Number of protein chains: 2
Amino acid sequence: MKKHYLLTPGPTPVPPEVALKEALPILHHRTSEFGAVFSEVAEGLKYVYKTKNDVLIMAASGTGAMESAIVNLLNPGDEALVATCGNFGERWTKLLEAYGCKPTVISVEWGKAVNPADIEKALKANAKIKAVYTQFTETSTGVVNDISAIGRIVDKTPAAFVVDAISGLAGQEFLTDDWKVDVCVSGSQKGLMLGPGLAFVSVSAKAWKLAEEAKLPRFYWDWRKMKKSLATKETPFTPAVTLIVALSEAIKMIKAKGIENVWAENKLHAKAARAGMKAIGLELFGENPCDVVTSAKVPEGVDGGKIVKTLREEYGVSIAGGQAQLKGKIIRFAHMGYIGKADLLVGFACLEMVLSKLGYKLEKGKAVAAAEEVLLNG
Amino acid sequence: MKKHYLLTPGPTPVPPEVALKEALPILHHRTSEFGAVFSEVAEGLKYVYKTKNDVLIMAASGTGAMESAIVNLLNPGDEALVATCGNFGERWTKLLEAYGCKPTVISVEWGKAVNPADIEKALKANAKIKAVYTQFTETSTGVVNDISAIGRIVDKTPAAFVVDAISGLAGQEFLTDDWKVDVCVSGSQKGLMLGPGLAFVSVSAKAWKLAEEAKLPRFYWDWRKMKKSLATKETPFTPAVTLIVALSEAIKMIKAKGIENVWAENKLHAKAARAGMKAIGLELFGENPCDVVTSAKVPEGVDGGKIVKTLREEYGVSIAGGQAQLKGKIIRFAHMGYIGKADLLVGFACLEMVLSKLGYKLEKGKAVAAAEEVLLNG
């Protein structure tokens, strides 16, 4: 009988209309029926991505698509630039090292955004850099990077610009083509309102050129095989049929609402989340907060792990805590995908109760009131 | 309103009890609730695999798990033996070549099984062979290899024995430990009665030793990361939550029936399928037919592609045709997972109608009658 409320930055709640599509009798993947759904999803992703480039679909977690953005672009020993501002940024470095590439790492303090000027400097200092890797919204801290500014810089060089937008795509404004993003990596379980298991990459002409020449070993992640499937509608390996069918429904819902309206709503929710946190004396974590997840510092004397655990166990409310060096130090409320206004208010109401119980002094109702105020009046 | 009947060797039909689990509100993956389901699935897979070894779970198609059985076992330039008897066997060779390994290939004519004595000879001739790759049931032809005999041979050498049992596991008798299989690869969309998107490998102590020393690049496919998740219940990357929750239901159903009963039933269905094909004059394709899929030659003068297409378009019945060099030359009926006796009879009844329509001379009802006879009296 326990009722769950997900305010986590992935998986996010799946709308029942989408979930029920997963339960429909499964289609065989070598049929015109599935082919039609597959094409619809591939086209729909272009709408979400704001791109004219191919968007490739794979059965994997987002990390798989990140790995594909290494092996399809580089040769062993190649130099690459990683601009990292959190836990997921560090994954780029680990991936590059796993494949024997040489990452130059620009690492900013967690909670800050990457400085585009640092990327410009690094690219000028080393002409051998073949690709630049960074995050759009860094989920572990709640910070958003200025992808548009970085894109303008990288575009002037021969390097490919690769962005992990797993948590941010379909969550806040992201313009793949206008921002000169060569490869945008994403996944199904965030703004796209589906369970995890599908990952995507958009690939620009510049990136395709590298992909044709890349010599790192690749088979499952080979973009050339996936590209062929966009034309033939026959995927190289058995696709995750039920997830793709459900995704077509999620994309329909996003199209019906309009992606710009999705962005605007999340922006408002993020503002409400920040207001709610501040209203009960919680200090926001990080500069340049994104629109899909809001981080606040755990107050002095309160056990951060206990906040998350008590919310879940006593009220069924799932929020996220901190990762790695931030473990126990921050809490994170997501507001993307199918997380609505009322969910956010549930989160704050229960957070007030839990913080009170854990001995933190606050005036009950304050966080909720502050969030309401923003939701009503902007 | 079109009703679909799947007699395809993957995806196979998903039972409604399983499909509806996919539609339940999604769990967050870092919770004790999901941890419990994850552990249950990992244990349940051991039951299906008949193994005491770890079974690792990944979000991928089966080919991803095949790739993991290359990168976790070998170094660049390592020698490996591939024993292939069909389209999926050739995938092992392509994977090894993609990673710069040196496959020695024993290739038998499609429709025949691998001869264990050939493997013994090849291993004796080359002491540097580090791993032996083959298929259990070769889905493209419908042939089953004698894994038990090959296992006894490889077990006496330092090489690891890797078996692709994607279509055969949970379909016909497979004893991972008794047959000395070091790595058994499988997927969710065949005998496990789920949609595609999950893949598995069992890993023996002998294979773990190689995995600790292997130097091929790996990140997403790294078994060491996955093994850790079995203990911590925290997967290295976001797992395909909805599919794992649904799989727990499918495994419960298999356990309730008893895996030995599943094997026995499919064996009977396979016998009925062969009888049905022969009763209308179709020649069976291949020697050593497996219990999960039955192949028959397309009769002279009939367009094989049209049989498959007409069955699907006019009656909603999906069967498989031939792949690669067998394209248009064979048809394949699957009988595994949730494909029941009545489905098989539907398949034959509609096949009779379609063959008649395409000009093939047959006595209507004969295939159905022959299948009924076997289903009733063994």
# chains A, B, ... in the order shown; residues from 1 in each chain; ligands from 1
$ interface_residues --of "chain A" --to "chain B" --cutoff "6 Å" --atoms "only C-alpha atoms" --output "ChimeraX atom specification"
/A:19-20,23,59-60,64,98-99,196-197,217,220,240
$ residues_around --residues "Lys364 of chain B" --least-positions-apart "5" --cutoff "12 Å" --atoms "only C-alpha atoms" --output "CSV table (one decimal) with N, CA and C atoms, in the first residue's frame"
chain,number,residue,atom,x,y,z
B,276,GLY,N,4.5,-31.3,-37.8
B,276,GLY,CA,3.6,-30.5,-38.6
B,276,GLY,C,4.2,-30.1,-39.9
B,279,ALA,N,4.3,-33.1,-42.2
B,279,ALA,CA,3.0,-33.6,-42.7
B,279,ALA,C,2.5,-32.9,-43.9
B,280,ILE,N,3.0,-31.7,-44.2
B,280,ILE,CA,2.6,-31.0,-45.4
B,280,ILE,C,3.7,-30.9,-46.4
B,281,GLY,N,4.6,-31.9,-46.2
B,281,GLY,CA,5.7,-32.0,-47.2
B,281,GLY,C,6.8,-31.1,-47.1
B,348,PHE,N,0.4,-23.2,-37.6
B,348,PHE,CA,0.3,-24.2,-38.7
B,348,PHE,C,-1.0,-24.0,-39.5
B,349,ALA,N,-2.1,-23.7,-38.8
B,349,ALA,CA,-3.4,-23.5,-39.6
B,349,ALA,C,-3.2,-22.4,-40.6
B,350,CYS,N,-2.6,-21.3,-40.1
B,350,CYS,CA,-2.4,-20.1,-41.0
B,350,CYS,C,-1.4,-20.4,-42.0
B,351,LEU,N,-0.3,-21.1,-41.7
B,351,LEU,CA,0.7,-21.5,-42.7
B,351,LEU,C,0.1,-22.3,-43.8
B,352,GLU,N,-0.8,-23.2,-43.4
B,352,GLU,CA,-1.5,-24.0,-44.5
B,352,GLU,C,-2.3,-23.1,-45.4
B,353,MET,N,-3.0,-22.2,-44.9
B,353,MET,CA,-3.7,-21.3,-45.7
B,353,MET,C,-2.8,-20.4,-46.7
B,354,VAL,N,-1.7,-19.9,-46.1
B,354,VAL,CA,-0.8,-19.1,-46.8
B,354,VAL,C,-0.1,-19.9,-47.9
B,355,LEU,N,0.3,-21.1,-47.6
B,355,LEU,CA,1.0,-21.9,-48.6
B,355,LEU,C,0.1,-22.2,-49.7
B,356,SER,N,-1.2,-22.6,-49.4
B,356,SER,CA,-2.2,-22.8,-50.4
B,356,SER,C,-2.4,-21.6,-51.3
B,357,LYS,N,-2.5,-20.5,-50.7
B,357,LYS,CA,-2.7,-19.3,-51.5
B,357,LYS,C,-1.5,-19.0,-52.4
B,369,ALA,N,-3.1,-31.5,-37.8
B,369,ALA,CA,-3.4,-32.8,-37.3
B,369,ALA,C,-2.2,-33.5,-36.7
B,370,ALA,N,-1.1,-33.4,-37.5
B,370,ALA,CA,0.2,-34.1,-37.1
B,370,ALA,C,0.7,-33.4,-35.8
$ atom_distance --atom1 "atom CA of Asn261 of chain A" --atom2 "atom CA of Ile166 of chain A"
19.4 Å
$ residues_around --residues "segment 115-120 of chain A" --least-positions-apart "3" --cutoff "8 Å" --atoms "only C-alpha atoms" --output "MDAnalysis selection string"
chainID A and resid 83 106 123:124 146 149:150 153:154
$ residues_around --residues "Glu265 of chain B" --least-positions-apart "6" --cutoff "10 Å" --atoms "only C-alpha atoms" --output "list in words"
Gly171, Gln172, Ile259, Lys271, Asp291, His335, Met336, Gly340, Lys341 and Leu375 of chain B
$ closest_residue --among "A:Lys327, A:Met1, A:Leu192, A:Val132" --to "Ser248 of chain A" --atoms "only C-alpha atoms"
A:Leu192
$ atom_distance --atom1 "atom CA of Val201 of chain B" --atom2 "atom CA of Val185 of chain B"
4.5 Å
$ residues_around --residues "Ala80 of chain B" --least-positions-apart "4" --cutoff "6 Å" --atoms "only C-alpha atoms" --output "VMD selection string"
chain B and resid 103 129 to 132
$ residues_around --residues "segment 37-43 of chain A" --least-positions-apart "6" --cutoff "8 Å" --atoms "only C-alpha atoms" --output "list in words"
Asp54, Val55, Leu56, Ile57, Leu230, Lys233, Ile244, Val245, Leu247, Ser248 and Ile251 of chain A
$ select_by_dssp --residues "segment 63-208 of chain B" --states "strand (DSSP E or B)" --output "PyMOL selection string"
chain B and resi 79-84+102-107+110+112+129-135+137-138+143-144+160-164+183-187+198-203
$ atom_distance --atom1 "atom CA of Lys206 of chain B" --atom2 "atom CA of Thr157 of chain B"
10.9 Å
